[in-house]
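J.: Structure incoming, see below.
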Amino acid sequence: MTVVQAEWSVLLRRWSARATLALSVLLPLLVLGIFRALGAEDAALQFNGKPVSEIVDLTAANAATAALGVRNAIVMPVLFLLLAGQVMAGERSSHVLREHLVRPIGRGRVLWGKVAAVWGLGAIGLGLHAVVTLGIGSLVLDTGDGWRSVLAGHAASMGSDLALVVFGFFLACHLKSAVGVLAVGLGMMGVDWVLRIGLSGLRFVGVESAEWVLPIMPGTGLGWYDIDGASVAVPALAGLCVWVGAMAAMAHRRIHRMDVH
Amino acid sequence: MASDALVTNELSRRFGQRVALDSLSIRVRRGEIYGFLGPNGAGKTTAIRCILGLIRADSGTTAVFGESDPVQRLRHIGAVVETPAFHPFLSGREALELSARYGGISVHAVDEALEWVGLSERSRDRVSTYSLGMRQRLGLARALLGRPPLLVLDEPTNGMDPRGMADVRNRLLTMAADHGTTVFISSHLLSEVEKLCDRVGILHHGRLVAECAVDADVESTYLAATEASR
């Protein structure tokens, strides 16, 4: 706990951590604003001759789902990779990590304290996200149905956040700069995305092996909870747990073997 | 309780084909100020990193007050390794408080450490505004948090002006005399080591080539030892 507190005190001084909290408020506000604008009576945006408001259910619940989707798919992968890179790889290259490790504290505790601090930051961001979409959303839009699954989606996002944080720290234990962690991390996620498209194509044309590989891809695992269906994709969740466990074990091994200069 | 503060036994480390440490065995007595001399690249910093567990020795052992566990032995050590590093966005005080939390030391120890190095007045300024000498002093303050019985200092007066060097020297002498603190200090400055230390070990090409008391002619011993093993 001591390490988490120590890391937390430093984390909040970083611009990337402040950006994480700011975006947790601004992103849902932006989506709510777009939904409100689309739902206005004089809204000009049409699709196939129909106002968008007749095609899309412009409720606060749907706005929350959309905002959470953007947060989980785009915003947080970038921010978690950046934070992990700054907190581990950056500290290693600036020799600050060395100064922590000459204190009587195990390397594993240092690593997992940092992971917990960054994950905790994500959890607070999720809380802010839920409060803004639930609170302000219900004031400016129709509340809509499915709030329960939207809140469950927020809770489930904590699991996906943990996976992203562990992935970031796994890379950060092997690389020496935050930019490197961000670039390699996004590159690997891009490869995963391309592979999943390929596997989907193969599944479509009837290749059976694609049927069981696709659910256990890391990117599939990140979307293990479906808000619209309020359901858990068990194979995806199980696959994600295996990926996280493997990356955690490798990061733990790496930090214990690492020469710190 | 072990009678020696620091003991390394046959400590060796290679980086690729280069031998950085070659069977280094040293014994630093309790309360002693031990100088670790050697030319640049002799292996002083590698030895200190092995002692602190920052890098793993290929073979050999290290014990601090009889404790050989790499984490547990750090309970007895305050360290400065080369140029101390800090988060530039923290103030001097915050940097020490962070280190105190990491070490499980009360943050009340921070005031004492800051006063010891004469940085109390600038403690609320960001570290990024500190000169190299001030950072070095802040690093010393960090090493002193919790008054560890052994100080391991790697070139701690780097970047300091002569007055600062003399100040640190006098304070280390006072700590050793008043509190019985053992000091293991590496340097390539013969004159500094002669003024401060009780005994010196001379390292060359990763090997301990000579050891002598400072009342002997350290300079001649140093030159002879480093010349002979060239």
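We label chains A, B, ... in the order they appear in the structure tokens, count residues from 1 in each chain, and number ligands from 1 in the order shown.
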Using only C-alpha atoms, which protein or nucleic acid residues come within 10 Å of range 213-222 of chain B? Drop anything in the same chain fewer than 6 positions from it, and give the result as an MDAnalysis selection string.
T.: chainID B and resid 34:35 37:39 190:191 193:204 228
J.: Quick one: write out the picked residues with N, CA and C atoms as a PDB file, in the first residue's frame?
T.:
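And here is the file that came out, selection.pdb:
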```pdb
ATOM      1  N   TYR B  34      35.727   4.155   4.444  1.00  0.00           N
ATOM      2  CA  TYR B  34      36.533   3.376   3.501  1.00  0.00           C
ATOM      3  C   TYR B  34      36.464   4.032   2.126  1.00  0.00           C
ATOM      4  N   GLY B  35      37.610   4.387   1.586  1.00  0.00           N
ATOM      5  CA  GLY B  35      37.662   5.003   0.257  1.00  0.00           C
ATOM      6  C   GLY B  35      37.875   3.951  -0.809  1.00  0.00           C
ATOM      7  N   LEU B  37      39.039   3.715  -4.408  1.00  0.00           N
ATOM      8  CA  LEU B  37      39.731   4.518  -5.422  1.00  0.00           C
ATOM      9  C   LEU B  37      39.928   3.731  -6.710  1.00  0.00           C
ATOM     10  N   GLY B  38      40.037   4.469  -7.784  1.00  0.00           N
ATOM     11  CA  GLY B  38      40.348   3.801  -9.048  1.00  0.00           C
ATOM     12  C   GLY B  38      40.146   4.752 -10.191  1.00  0.00           C
ATOM     13  N   PRO B  39      40.867   4.538 -11.275  1.00  0.00           N
ATOM     14  CA  PRO B  39      40.680   5.412 -12.441  1.00  0.00           C
ATOM     15  C   PRO B  39      39.298   5.201 -13.058  1.00  0.00           C
ATOM     16  N   LEU B 190      42.139  11.712  -5.251  1.00  0.00           N
ATOM     17  CA  LEU B 190      43.029  11.236  -4.177  1.00  0.00           C
ATOM     18  C   LEU B 190      43.000  12.165  -2.965  1.00  0.00           C
ATOM     19  N   SER B 191      43.047  13.464  -3.229  1.00  0.00           N
ATOM     20  CA  SER B 191      43.147  14.418  -2.119  1.00  0.00           C
ATOM     21  C   SER B 191      41.909  14.353  -1.228  1.00  0.00           C
ATOM     22  N   VAL B 193      39.912  11.762  -0.777  1.00  0.00           N
ATOM     23  CA  VAL B 193      39.932  10.487  -0.052  1.00  0.00           C
ATOM     24  C   VAL B 193      40.930  10.549   1.108  1.00  0.00           C
ATOM     25  N   GLU B 194      42.071  11.169   0.862  1.00  0.00           N
ATOM     26  CA  GLU B 194      43.091  11.266   1.924  1.00  0.00           C
ATOM     27  C   GLU B 194      42.590  12.078   3.114  1.00  0.00           C
ATOM     28  N   LYS B 195      41.801  13.112   2.832  1.00  0.00           N
ATOM     29  CA  LYS B 195      41.308  13.964   3.922  1.00  0.00           C
ATOM     30  C   LYS B 195      40.173  13.301   4.695  1.00  0.00           C
ATOM     31  N   LEU B 196      39.477  12.367   4.049  1.00  0.00           N
ATOM     32  CA  LEU B 196      38.239  11.841   4.632  1.00  0.00           C
ATOM     33  C   LEU B 196      38.370  10.431   5.215  1.00  0.00           C
ATOM     34  N   CYS B 197      39.138   9.590   4.535  1.00  0.00           N
ATOM     35  CA  CYS B 197      39.017   8.151   4.822  1.00  0.00           C
ATOM     36  C   CYS B 197      40.034   7.646   5.846  1.00  0.00           C
ATOM     37  N   ASP B 198      39.655   6.490   6.438  1.00  0.00           N
ATOM     38  CA  ASP B 198      40.576   5.792   7.326  1.00  0.00           C
ATOM     39  C   ASP B 198      41.437   4.818   6.513  1.00  0.00           C
ATOM     40  N   ARG B 199      40.832   4.238   5.523  1.00  0.00           N
ATOM     41  CA  ARG B 199      41.481   3.182   4.751  1.00  0.00           C
ATOM     42  C   ARG B 199      41.010   3.278   3.308  1.00  0.00           C
ATOM     43  N   VAL B 200      41.832   2.864   2.376  1.00  0.00           N
ATOM     44  CA  VAL B 200      41.410   2.881   0.973  1.00  0.00           C
ATOM     45  C   VAL B 200      41.678   1.534   0.300  1.00  0.00           C
ATOM     46  N   GLY B 201      40.816   1.237  -0.632  1.00  0.00           N
ATOM     47  CA  GLY B 201      41.034   0.094  -1.508  1.00  0.00           C
ATOM     48  C   GLY B 201      41.186   0.635  -2.916  1.00  0.00           C
ATOM     49  N   ILE B 202      42.118   0.082  -3.664  1.00  0.00           N
ATOM     50  CA  ILE B 202      42.371   0.595  -5.020  1.00  0.00           C
ATOM     51  C   ILE B 202      41.937  -0.455  -6.044  1.00  0.00           C
ATOM     52  N   LEU B 203      41.062  -0.034  -6.903  1.00  0.00           N
ATOM     53  CA  LEU B 203      40.477  -0.934  -7.902  1.00  0.00           C
ATOM     54  C   LEU B 203      41.051  -0.600  -9.272  1.00  0.00           C
ATOM     55  N   HIS B 204      41.394  -1.626 -10.011  1.00  0.00           N
ATOM     56  CA  HIS B 204      41.896  -1.409 -11.372  1.00  0.00           C
ATOM     57  C   HIS B 204      41.504  -2.602 -12.225  1.00  0.00           C
ATOM     58  N   ALA B 228      51.323  -1.185 -12.098  1.00  0.00           N
ATOM     59  CA  ALA B 228      51.742  -2.586 -12.106  1.00  0.00           C
ATOM     60  C   ALA B 228      50.733  -3.477 -12.809  1.00  0.00           C
TER      61      ALA B 228
END
```
J.: Quick check: residues of chain A within 9 Å of chain B, only C-alpha atoms, returned as a count of residues only.
T.: 30
J.: Please, which residues of chain B, numbered as in this document, come out helix (DSSP H, G or I) from DSSP, as a PDB file with C-alpha atoms, in the first residue's frame?
T.:
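Resulting contents of result-v3.pdb:
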```pdb
ATOM      1  CA  LYS B  44      33.851   1.249  -8.949  1.00  0.00           C
ATOM      2  CA  THR B  45      30.300   2.017 -10.023  1.00  0.00           C
ATOM      3  CA  THR B  46      29.691  -1.586 -11.104  1.00  0.00           C
ATOM      4  CA  ALA B  47      30.837  -2.754  -7.670  1.00  0.00           C
ATOM      5  CA  ILE B  48      28.539  -0.282  -5.948  1.00  0.00           C
ATOM      6  CA  ARG B  49      25.609  -1.323  -8.146  1.00  0.00           C
ATOM      7  CA  CYS B  50      26.246  -4.963  -7.252  1.00  0.00           C
ATOM      8  CA  ILE B  51      26.394  -4.095  -3.542  1.00  0.00           C
ATOM      9  CA  LEU B  52      23.082  -2.239  -3.872  1.00  0.00           C
ATOM     10  CA  GLN B  72      16.916  -6.767   3.508  1.00  0.00           C
ATOM     11  CA  ARG B  73      20.470  -5.486   3.350  1.00  0.00           C
ATOM     12  CA  LEU B  74      19.184  -2.221   1.874  1.00  0.00           C
ATOM     13  CA  ARG B  75      17.545  -1.519   5.257  1.00  0.00           C
ATOM     14  CA  HIS B  76      21.005  -0.659   6.534  1.00  0.00           C
ATOM     15  CA  GLY B  92      13.218  18.932  -3.185  1.00  0.00           C
ATOM     16  CA  ARG B  93      11.021  18.231  -0.171  1.00  0.00           C
ATOM     17  CA  GLU B  94       8.516  16.208  -2.215  1.00  0.00           C
ATOM     18  CA  ALA B  95      11.333  14.182  -3.748  1.00  0.00           C
ATOM     19  CA  LEU B  96      12.599  13.254  -0.287  1.00  0.00           C
ATOM     20  CA  GLU B  97       9.091  12.516   0.969  1.00  0.00           C
ATOM     21  CA  LEU B  98       8.591  10.157  -1.972  1.00  0.00           C
ATOM     22  CA  SER B  99      11.815   8.368  -1.151  1.00  0.00           C
ATOM     23  CA  ALA B 100      10.889   8.206   2.546  1.00  0.00           C
ATOM     24  CA  ARG B 101       7.574   6.573   1.655  1.00  0.00           C
ATOM     25  CA  TYR B 102       9.365   4.051  -0.538  1.00  0.00           C
ATOM     26  CA  GLY B 103      11.754   3.254   2.293  1.00  0.00           C
ATOM     27  CA  ALA B 109      13.021  12.591   8.771  1.00  0.00           C
ATOM     28  CA  VAL B 110      12.919  14.816   5.684  1.00  0.00           C
ATOM     29  CA  ASP B 111      13.403  18.065   7.623  1.00  0.00           C
ATOM     30  CA  GLU B 112      16.478  16.751   9.379  1.00  0.00           C
ATOM     31  CA  ALA B 113      18.011  15.521   6.134  1.00  0.00           C
ATOM     32  CA  LEU B 114      17.335  18.805   4.346  1.00  0.00           C
ATOM     33  CA  GLU B 115      18.879  20.755   7.168  1.00  0.00           C
ATOM     34  CA  TRP B 116      21.903  18.489   7.180  1.00  0.00           C
ATOM     35  CA  VAL B 127      14.309  20.114  -8.447  1.00  0.00           C
ATOM     36  CA  SER B 128      14.517  21.266 -12.075  1.00  0.00           C
ATOM     37  CA  THR B 129      15.658  24.680 -10.802  1.00  0.00           C
ATOM     38  CA  LEU B 132      24.171  20.186 -10.184  1.00  0.00           C
ATOM     39  CA  GLY B 133      25.775  20.752  -6.784  1.00  0.00           C
ATOM     40  CA  MET B 134      22.390  21.245  -5.143  1.00  0.00           C
ATOM     41  CA  ARG B 135      21.088  18.049  -6.701  1.00  0.00           C
ATOM     42  CA  GLN B 136      24.135  16.265  -5.371  1.00  0.00           C
ATOM     43  CA  ARG B 137      23.393  17.597  -1.896  1.00  0.00           C
ATOM     44  CA  LEU B 138      19.751  16.601  -2.228  1.00  0.00           C
ATOM     45  CA  GLY B 139      20.932  13.121  -3.189  1.00  0.00           C
ATOM     46  CA  LEU B 140      23.020  13.025  -0.025  1.00  0.00           C
ATOM     47  CA  ALA B 141      19.996  14.132   1.991  1.00  0.00           C
ATOM     48  CA  ARG B 142      18.037  11.261   0.475  1.00  0.00           C
ATOM     49  CA  ALA B 143      20.776   8.813   1.402  1.00  0.00           C
ATOM     50  CA  LEU B 144      20.665  10.097   4.982  1.00  0.00           C
ATOM     51  CA  PRO B 162      35.469  23.347  -3.208  1.00  0.00           C
ATOM     52  CA  ARG B 163      33.431  24.827  -0.373  1.00  0.00           C
ATOM     53  CA  GLY B 164      30.626  22.333  -0.953  1.00  0.00           C
ATOM     54  CA  MET B 165      33.114  19.465  -1.071  1.00  0.00           C
ATOM     55  CA  ALA B 166      34.695  20.562   2.200  1.00  0.00           C
ATOM     56  CA  ASP B 167      31.264  20.940   3.762  1.00  0.00           C
ATOM     57  CA  VAL B 168      30.188  17.425   2.798  1.00  0.00           C
ATOM     58  CA  ARG B 169      33.528  16.038   3.951  1.00  0.00           C
ATOM     59  CA  ASN B 170      33.212  17.660   7.368  1.00  0.00           C
ATOM     60  CA  ARG B 171      29.646  16.498   7.798  1.00  0.00           C
ATOM     61  CA  LEU B 172      30.543  12.904   6.882  1.00  0.00           C
ATOM     62  CA  LEU B 173      33.398  13.010   9.398  1.00  0.00           C
ATOM     63  CA  THR B 174      30.998  14.302  12.047  1.00  0.00           C
ATOM     64  CA  MET B 175      28.456  11.571  11.279  1.00  0.00           C
ATOM     65  CA  ALA B 176      31.093   8.879  11.514  1.00  0.00           C
ATOM     66  CA  ALA B 177      32.447  10.283  14.781  1.00  0.00           C
ATOM     67  CA  ASP B 178      29.132  11.109  16.470  1.00  0.00           C
ATOM     68  CA  HIS B 179      26.859   8.349  15.228  1.00  0.00           C
ATOM     69  CA  LEU B 190      43.029  11.236  -4.177  1.00  0.00           C
ATOM     70  CA  SER B 191      43.147  14.418  -2.119  1.00  0.00           C
ATOM     71  CA  GLU B 192      39.515  14.098  -1.059  1.00  0.00           C
ATOM     72  CA  VAL B 193      39.932  10.487  -0.052  1.00  0.00           C
ATOM     73  CA  GLU B 194      43.091  11.266   1.924  1.00  0.00           C
ATOM     74  CA  LYS B 195      41.308  13.964   3.922  1.00  0.00           C
ATOM     75  CA  LEU B 196      38.239  11.841   4.632  1.00  0.00           C
ATOM     76  CA  VAL B 218      48.254   6.743  -0.799  1.00  0.00           C
ATOM     77  CA  GLU B 219      49.391   8.467  -3.958  1.00  0.00           C
ATOM     78  CA  SER B 220      52.476   6.287  -4.363  1.00  0.00           C
ATOM     79  CA  THR B 221      50.469   3.175  -3.573  1.00  0.00           C
ATOM     80  CA  TYR B 222      47.822   4.201  -6.088  1.00  0.00           C
ATOM     81  CA  LEU B 223      50.306   4.930  -8.849  1.00  0.00           C
ATOM     82  CA  ALA B 224      52.267   1.761  -8.215  1.00  0.00           C
ATOM     83  CA  ALA B 225      49.166  -0.421  -8.058  1.00  0.00           C
ATOM     84  CA  THR B 226      47.529   0.960 -11.187  1.00  0.00           C
ATOM     85  CA  GLU B 227      50.813   0.973 -13.097  1.00  0.00           C
ATOM     86  CA  ALA B 228      51.742  -2.586 -12.106  1.00  0.00           C
TER      87      ALA B 228
END
```
J.: Neighbouring residues of Met189 in chain A were defined as those with any atom within 12 Å, considering only C-alpha atoms; residues of the same chain fewer than 2 positions away were excluded. Please report them as a list of chain:residue names.
T.: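 Here the answer would be A:Ala73, A:Ile74, A:Pro77, A:Val78, A:Leu81, A:Leu164, A:Phe167, A:Gly168, A:Val181, A:Leu182, A:Ala183, A:Val184, A:Gly185, A:Leu186, A:Gly187, A:Val191, A:Asp192, A:Trp193, A:Val194, A:Leu195, A:Arg196, A:Met217, A:Pro218, A:Gly219, A:Thr220, A:Leu222.
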J.: Would you pick out the contacts of Leu23 in chain A at 12 Å or less, using only C-alpha atoms, so that residues sharing its chain but fewer than 6 positions from it are not included, and give the list as a PDB file with N, CA and C atoms, in the first residue's frame?
T.:
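Written out: selection.pdb:
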```pdb
ATOM      1  N   TRP A  15       1.224  15.215 -16.541  1.00  0.00           N
ATOM      2  CA  TRP A  15       0.202  15.782 -17.423  1.00  0.00           C
ATOM      3  C   TRP A  15      -0.696  14.688 -17.995  1.00  0.00           C
ATOM      4  N   SER A  16      -0.109  13.512 -18.253  1.00  0.00           N
ATOM      5  CA  SER A  16      -0.890  12.427 -18.857  1.00  0.00           C
ATOM      6  C   SER A  16      -1.970  11.932 -17.886  1.00  0.00           C
ATOM      7  N   ALA A  17      -1.657  11.942 -16.589  1.00  0.00           N
ATOM      8  CA  ALA A  17      -2.656  11.515 -15.599  1.00  0.00           C
ATOM      9  C   ALA A  17      -3.774  12.559 -15.507  1.00  0.00           C
ATOM     10  N   LEU A  29     -19.097  14.491 -22.053  1.00  0.00           N
ATOM     11  CA  LEU A  29     -19.777  15.766 -22.313  1.00  0.00           C
ATOM     12  C   LEU A  29     -19.891  16.021 -23.812  1.00  0.00           C
ATOM     13  N   LEU A  30     -18.822  15.698 -24.537  1.00  0.00           N
ATOM     14  CA  LEU A  30     -18.817  15.882 -25.985  1.00  0.00           C
ATOM     15  C   LEU A  30     -19.873  15.005 -26.642  1.00  0.00           C
ATOM     16  N   VAL A  31     -19.928  13.741 -26.235  1.00  0.00           N
ATOM     17  CA  VAL A  31     -20.905  12.814 -26.823  1.00  0.00           C
ATOM     18  C   VAL A  31     -22.325  13.250 -26.472  1.00  0.00           C
ATOM     19  N   ALA A  67     -20.026   6.829 -25.626  1.00  0.00           N
ATOM     20  CA  ALA A  67     -18.847   7.454 -25.008  1.00  0.00           C
ATOM     21  C   ALA A  67     -17.915   6.404 -24.421  1.00  0.00           C
ATOM     22  N   LEU A  68     -18.516   5.382 -23.805  1.00  0.00           N
ATOM     23  CA  LEU A  68     -17.699   4.318 -23.202  1.00  0.00           C
ATOM     24  C   LEU A  68     -16.960   3.535 -24.296  1.00  0.00           C
ATOM     25  N   VAL A  70     -15.918   4.716 -27.210  1.00  0.00           N
ATOM     26  CA  VAL A  70     -14.780   5.528 -27.680  1.00  0.00           C
ATOM     27  C   VAL A  70     -13.663   5.518 -26.622  1.00  0.00           C
ATOM     28  N   ARG A  71     -14.055   5.652 -25.362  1.00  0.00           N
ATOM     29  CA  ARG A  71     -13.059   5.635 -24.272  1.00  0.00           C
ATOM     30  C   ARG A  71     -12.247   4.329 -24.295  1.00  0.00           C
ATOM     31  N   ILE A  74     -10.322   3.719 -28.023  1.00  0.00           N
ATOM     32  CA  ILE A  74      -9.340   4.669 -28.565  1.00  0.00           C
ATOM     33  C   ILE A  74      -8.585   5.432 -27.477  1.00  0.00           C
ATOM     34  N   VAL A  75      -9.321   6.072 -26.585  1.00  0.00           N
ATOM     35  CA  VAL A  75      -8.687   7.004 -25.646  1.00  0.00           C
ATOM     36  C   VAL A  75      -7.804   6.282 -24.622  1.00  0.00           C
ATOM     37  N   MET A  76      -8.376   5.293 -23.939  1.00  0.00           N
ATOM     38  CA  MET A  76      -7.622   4.679 -22.852  1.00  0.00           C
ATOM     39  C   MET A  76      -6.451   3.816 -23.299  1.00  0.00           C
ATOM     40  N   LEU A  79      -3.740   6.342 -23.611  1.00  0.00           N
ATOM     41  CA  LEU A  79      -3.331   6.931 -22.330  1.00  0.00           C
ATOM     42  C   LEU A  79      -2.673   5.912 -21.404  1.00  0.00           C
ATOM     43  N   GLY A 122      -7.414   4.947 -13.713  1.00  0.00           N
ATOM     44  CA  GLY A 122      -8.425   4.578 -14.709  1.00  0.00           C
ATOM     45  C   GLY A 122      -9.791   4.354 -14.062  1.00  0.00           C
ATOM     46  N   ILE A 124     -10.927   5.752 -11.306  1.00  0.00           N
ATOM     47  CA  ILE A 124     -11.508   7.058 -10.951  1.00  0.00           C
ATOM     48  C   ILE A 124     -12.077   7.727 -12.204  1.00  0.00           C
ATOM     49  N   GLY A 125     -11.336   7.602 -13.308  1.00  0.00           N
ATOM     50  CA  GLY A 125     -11.818   8.145 -14.580  1.00  0.00           C
ATOM     51  C   GLY A 125     -13.141   7.509 -14.985  1.00  0.00           C
ATOM     52  N   LEU A 126     -13.252   6.195 -14.781  1.00  0.00           N
ATOM     53  CA  LEU A 126     -14.506   5.500 -15.103  1.00  0.00           C
ATOM     54  C   LEU A 126     -15.649   6.010 -14.234  1.00  0.00           C
ATOM     55  N   LEU A 128     -15.891   8.990 -12.897  1.00  0.00           N
ATOM     56  CA  LEU A 128     -16.259  10.318 -13.400  1.00  0.00           C
ATOM     57  C   LEU A 128     -17.118  10.193 -14.659  1.00  0.00           C
ATOM     58  N   HIS A 129     -16.685   9.271 -15.529  1.00  0.00           N
ATOM     59  CA  HIS A 129     -17.403   9.013 -16.780  1.00  0.00           C
ATOM     60  C   HIS A 129     -18.848   8.629 -16.489  1.00  0.00           C
ATOM     61  N   VAL A 132     -20.887  11.639 -15.030  1.00  0.00           N
ATOM     62  CA  VAL A 132     -21.231  12.655 -16.036  1.00  0.00           C
ATOM     63  C   VAL A 132     -22.340  12.144 -16.958  1.00  0.00           C
TER      64      VAL A 132
END
```
J.: Determine which residues of range 92-246 of chain A DSSP labels as strand (DSSP E) from the backbone of this structure, then write them out as a list in words.
T.: Tyr225, Asp226, Ser231 and Val232 of chain A
J.: Filtering to C-alpha atoms, could you give me those residues as a PDB file, in the first residue's frame?
T.:
```pdb
ATOM      1  CA  TYR A 225     -18.815  -7.514 -22.016  1.00  0.00           C
ATOM      2  CA  ASP A 226     -21.562  -6.571 -24.469  1.00  0.00           C
ATOM      3  CA  SER A 231     -23.960 -10.453 -21.738  1.00  0.00           C
ATOM      4  CA  VAL A 232     -20.501 -11.792 -20.996  1.00  0.00           C
TER       5      VAL A 232
END
```
J.: Residues within 10 Å of Met247 in chain A, please, as a list in words. Count only C-alpha atoms; anything in the same chain fewer than 3 positions from it doesn't count.
T.: Ala163, Val166, Phe167, Gly168, Phe169, Phe170, Leu171, Cys241, Val242, Trp243, Val244, Met250, Ala251, His252 and Arg253 of chain A
J.: Using only C-alpha atoms, which residues sit within 12 Å of Trp224 in chain A once same-chain residues fewer than 2 positions away are excluded, as an MDAnalysis selection string?
T.: chainID A and resid 72 152:153 155:161 163 215:222 226:227 229:241
J.: Write out as a short mmCIF file (atom, residue, chain, number, x, y, z; two decimals) with N, CA and C atoms, in the first residue's frame each polymer residue whose atoms come within 7 Å of Thr8 in chain B, counting only C-alpha atoms; drop sequence neighbours fewer than 5 positions from it.
T.:
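In the end it all went to part.cif:
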```
data_model
loop_
_atom_site.label_atom_id
_atom_site.label_comp_id
_atom_site.auth_asym_id
_atom_site.auth_seq_id
_atom_site.Cartn_x
_atom_site.Cartn_y
_atom_site.Cartn_z
N LEU B 24 36.07 -9.56 -6.67
CA LEU B 24 36.28 -8.46 -5.72
C LEU B 24 35.90 -8.90 -4.30
N SER B 25 36.88 -8.88 -3.43
CA SER B 25 36.63 -9.19 -2.01
C SER B 25 37.08 -8.01 -1.17
N ILE B 26 36.15 -7.38 -0.50
CA ILE B 26 36.51 -6.28 0.39
C ILE B 26 35.78 -6.45 1.72
N ARG B 27 36.34 -5.84 2.73
CA ARG B 27 35.79 -5.95 4.08
C ARG B 27 35.86 -4.55 4.69
N THR B 61 29.29 -13.07 -3.35
CA THR B 61 28.24 -12.69 -2.39
C THR B 61 28.54 -11.32 -1.77
N THR B 62 27.49 -10.72 -1.25
CA THR B 62 27.61 -9.45 -0.54
C THR B 62 26.83 -9.56 0.76
N ALA B 63 27.39 -9.05 1.84
CA ALA B 63 26.66 -9.01 3.11
C ALA B 63 26.83 -7.63 3.74
#
```
J.: Hey, can you check how far CA of Ser93 in chain A sits from CA of His256 in chain A?
T.: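 Result for CA of Ser93 in chain A versus CA of His256 in chain A: 16.7 Å, one decimal.
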J.: Report the distance between CA of Thr65 in chain A and CA of Gly120 in chain A in Å, rounded to one decimal place.
T.: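 We find that CA of Thr65 in chain A and CA of Gly120 in chain A lie 21.5 Å from each other.
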J.: So how far away is CA of Leu153 in chain B from CA of Ser120 in chain B, in Å?
T.: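 Computing it gives 21.7 Å between the two atoms.
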J.: I need the residue nearest Trp119 in chain A from this list: A:Phe80, A:Phe35, A:Phe47, A:Phe204. Use only C-alpha atoms for the distance.
T.: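 Using only C-alpha atoms, the shortest distance to Trp119 in chain A belongs to A:Phe80.
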